[in-house]
Amino acid sequence: MPFEARSPPLVVTLAWRNLWRHVRRTLMILFAFALGVWSMVVIAAISRGSMEQQLDKAILTLTGHIQLHAPGYRDDPAIEYRFAPPDAALRAALADREVAAWASRVRVPAVVASERESAGVTLVGIDPAGERGLSFIPEAVTEGRYLESPDDQGLVLGRKLAERLETGLGRRVVLMSQDVNNQLGDRGFRVVGLFDTQPRQAEEAYVFVGRAAAQQMLKMNEAVSEIAVMTGDRDRPEATLDRLRRAAPDLDIEPWTVLEPLLVLTQKITDVILIIWYTIVFAAMSFGLVNTLLMAVFERTREFGLFQALGMPPRHILGQVLVESLVLLLLALLLGNLAAWATIASLKGGIDLSAVAEGMELVGIAPVIYPAWAPADMLAANALVFVLGIAASLYPAWRAARHVPVEAITRV
């Protein structure tokens, strides 16, 4: 039977046999490739997990997916930039099925003072029920109790702030802030709860009271500082954003990507770092692949010449070398992905970095990182290795196919 008729199965058979002529060399390059794929996927999962935790934490730290403010508030979060509670049109937009949760707040700069110390803080007047599923505070109270209603006369402090003020549960503190008449509004509150959260700076940044209690203290009537909204999809808030803007054209309505530009930049930097890591790992892998294939080609120069003399077209010799590369890549991808999946599964309880937690918290990284298996990252790593691996194999394959039969057979 001529080579043309049986070449596809023959090429595959020859490629598989030649691949295992040198078992040790094949296993070494296979291990190196699998290790590279494993490192790509696992490091991407750890980086993505850390980034997702930062995003979730920032969104739950009073940001939400969308915020509504009076124009000018984001530049100067003062009491002057307040607005009326939602009207019928805005309430209808907030009642849309794509809105998972929403709440209005009073949020202004203030000073809190105990009998011993004082500190600058952000006073946040909340609707306790509305904050569930919207912010961190309902689940963060670890001592005492959470606020019960907008009219609750109690106050919730962060644990670090309570230590700084040398106060605690049951003690009274005084809140002071500018009211709507540009006068000093002040009122005493009893501490009813302490909260713990990450990053720890938030424990010193906020004090929480009932929204109605804050409005009464600041003589705001029913006016509010902001409305925070949580949608069903963090990455696709556009439809909800459009509806809210149509319902309240006079308000400044922006998504979290505008409210938290540093996080967006961090996310982009993470993506760039992953691409750089992929490139470095693949560059090291490609040198090993090209070197292995070139060695195999030089060792079989006479064999290739004999095949050509017997009628095998050069393109089939090229195909044989490419099939060897393809088999190596597929085996490496399979082993690397399985090892990565097993590693990530074993780390589902998180990677505890509490030994360096204080330094990590300063840059917004949680002390326990939970890897996140992102299909897009895995596909990107696998596609890069596969496509560029085949491309790197073209040169050794071309070298194998360009031999002149007589010269190749007589070469020692």
# chains A, B, ... in the order shown; residues from 1 in each chain; ligands from 1
call {"tool": "select_by_dssp", "arguments": {"residues": "region 103-329 of chain A", "states": "strand (DSSP E or B)", "output": "ChimeraX atom specification"}}
result
/A:103-113,118-126,141-144,154-158,172-178,184-195,206-210,224,226-231,252-255
call {"tool": "residues_around", "arguments": {"residues": "Arg116 (chain A)", "least_positions_apart": "2", "cutoff": "8 Å", "atoms": "only C-alpha atoms", "output": "VMD selection string"}}
result
chain A and resid 113 to 114 118 165 to 166
call {"tool": "closest_residue", "arguments": {"among": "A:Val108, A:Val191, A:Val41, A:Leu157", "to": "Gly336 (chain A)", "atoms": "only C-alpha atoms"}}
result
A:Val41
call {"tool": "select_by_dssp", "arguments": {"residues": "region 116-268 of chain A", "states": "helix (DSSP H, G or I)", "output": "JSON, numbers by chain"}}
result
{"A": [137, 138, 139, 140, 159, 160, 161, 162, 163, 164, 165, 202, 203, 204, 205, 211, 212, 213, 214, 215, 216, 217, 218, 238, 239, 240, 241, 242, 243, 244, 245, 246, 247, 256, 257, 258, 259, 261, 262, 263, 264, 265, 266, 267, 268]}
call {"tool": "residues_around", "arguments": {"residues": "Met176 (chain A)", "least_positions_apart": "6", "cutoff": "10 Å", "atoms": "only C-alpha atoms", "output": "count of residues only"}}
result
15
call {"tool": "closest_residue", "arguments": {"among": "A:Val141, A:Ala372, A:Ala58, A:Ala332", "to": "Ile344 (chain A)", "atoms": "only C-alpha atoms"}}
result
A:Ala372
call {"tool": "atom_distance", "arguments": {"atom1": "CA of Ala205 (chain A)", "atom2": "CA of Trp102 (chain A)"}}
result
22.0 Å
call {"tool": "closest_residue", "arguments": {"among": "A:Asp127, A:Val192, A:Val180, A:Asp233", "to": "Val156 (chain A)", "atoms": "only C-alpha atoms"}}
result
A:Val192
call {"tool": "closest_residue", "arguments": {"among": "A:Met28, A:Val124, A:Ala70, A:Met230", "to": "Leu94 (chain A)", "atoms": "only C-alpha atoms"}}
result
A:Met230
call {"tool": "residues_around", "arguments": {"residues": "Ala95 (chain A)", "least_positions_apart": "5", "cutoff": "12 Å", "atoms": "only C-alpha atoms", "output": "PDB file with N, CA and C atoms, in the first residue's frame"}}
result
ATOM      1  N   PRO A  86     -36.716  58.449  48.352  1.00  0.00           N
ATOM      2  CA  PRO A  86     -37.159  58.025  47.014  1.00  0.00           C
ATOM      3  C   PRO A  86     -38.645  58.330  46.773  1.00  0.00           C
ATOM      4  N   ALA A  88     -42.089  57.932  44.016  1.00  0.00           N
ATOM      5  CA  ALA A  88     -42.752  56.747  43.464  1.00  0.00           C
ATOM      6  C   ALA A  88     -41.972  56.167  42.287  1.00  0.00           C
ATOM      7  N   ALA A  89     -41.453  57.012  41.405  1.00  0.00           N
ATOM      8  CA  ALA A  89     -40.728  56.530  40.231  1.00  0.00           C
ATOM      9  C   ALA A  89     -39.446  55.811  40.630  1.00  0.00           C
ATOM     10  N   LEU A  90     -38.720  56.398  41.575  1.00  0.00           N
ATOM     11  CA  LEU A  90     -37.473  55.771  42.011  1.00  0.00           C
ATOM     12  C   LEU A  90     -37.750  54.480  42.778  1.00  0.00           C
ATOM     13  N   ALA A 100     -31.305  43.204  44.124  1.00  0.00           N
ATOM     14  CA  ALA A 100     -31.326  42.201  45.199  1.00  0.00           C
ATOM     15  C   ALA A 100     -31.581  42.844  46.556  1.00  0.00           C
ATOM     16  N   ALA A 101     -31.067  44.060  46.776  1.00  0.00           N
ATOM     17  CA  ALA A 101     -31.259  44.756  48.057  1.00  0.00           C
ATOM     18  C   ALA A 101     -30.942  46.231  47.855  1.00  0.00           C
ATOM     19  N   TRP A 102     -31.573  47.072  48.656  1.00  0.00           N
ATOM     20  CA  TRP A 102     -31.250  48.496  48.637  1.00  0.00           C
ATOM     21  C   TRP A 102     -31.612  49.113  49.975  1.00  0.00           C
ATOM     22  N   ALA A 103     -30.958  50.212  50.306  1.00  0.00           N
ATOM     23  CA  ALA A 103     -31.253  50.911  51.558  1.00  0.00           C
ATOM     24  C   ALA A 103     -30.774  52.349  51.439  1.00  0.00           C
ATOM     25  N   VAL A 229     -27.323  50.187  46.431  1.00  0.00           N
ATOM     26  CA  VAL A 229     -28.091  49.157  45.740  1.00  0.00           C
ATOM     27  C   VAL A 229     -27.195  47.954  45.472  1.00  0.00           C
ATOM     28  N   MET A 230     -27.741  46.774  45.702  1.00  0.00           N
ATOM     29  CA  MET A 230     -27.055  45.535  45.346  1.00  0.00           C
ATOM     30  C   MET A 230     -27.847  44.862  44.232  1.00  0.00           C
ATOM     31  N   THR A 231     -27.178  44.574  43.112  1.00  0.00           N
ATOM     32  CA  THR A 231     -27.845  43.932  41.984  1.00  0.00           C
ATOM     33  C   THR A 231     -27.562  42.430  41.979  1.00  0.00           C
ATOM     34  N   THR A 240     -29.824  47.931  35.379  1.00  0.00           N
ATOM     35  CA  THR A 240     -30.339  48.580  36.589  1.00  0.00           C
ATOM     36  C   THR A 240     -29.898  50.024  36.659  1.00  0.00           C
ATOM     37  N   ARG A 243     -32.101  52.163  34.406  1.00  0.00           N
ATOM     38  CA  ARG A 243     -33.438  52.383  34.960  1.00  0.00           C
ATOM     39  C   ARG A 243     -33.411  53.412  36.087  1.00  0.00           C
ATOM     40  N   LEU A 244     -32.405  53.315  36.949  1.00  0.00           N
ATOM     41  CA  LEU A 244     -32.305  54.261  38.058  1.00  0.00           C
ATOM     42  C   LEU A 244     -32.034  55.676  37.553  1.00  0.00           C
ATOM     43  N   ALA A 247     -35.209  57.098  36.276  1.00  0.00           N
ATOM     44  CA  ALA A 247     -36.159  57.399  37.346  1.00  0.00           C
ATOM     45  C   ALA A 247     -35.742  58.597  38.192  1.00  0.00           C
TER      46      ALA A 247
END
call {"tool": "atom_distance", "arguments": {"atom1": "CA of Val258 (chain A)", "atom2": "CA of Ala93 (chain A)"}}
result
20.7 Å
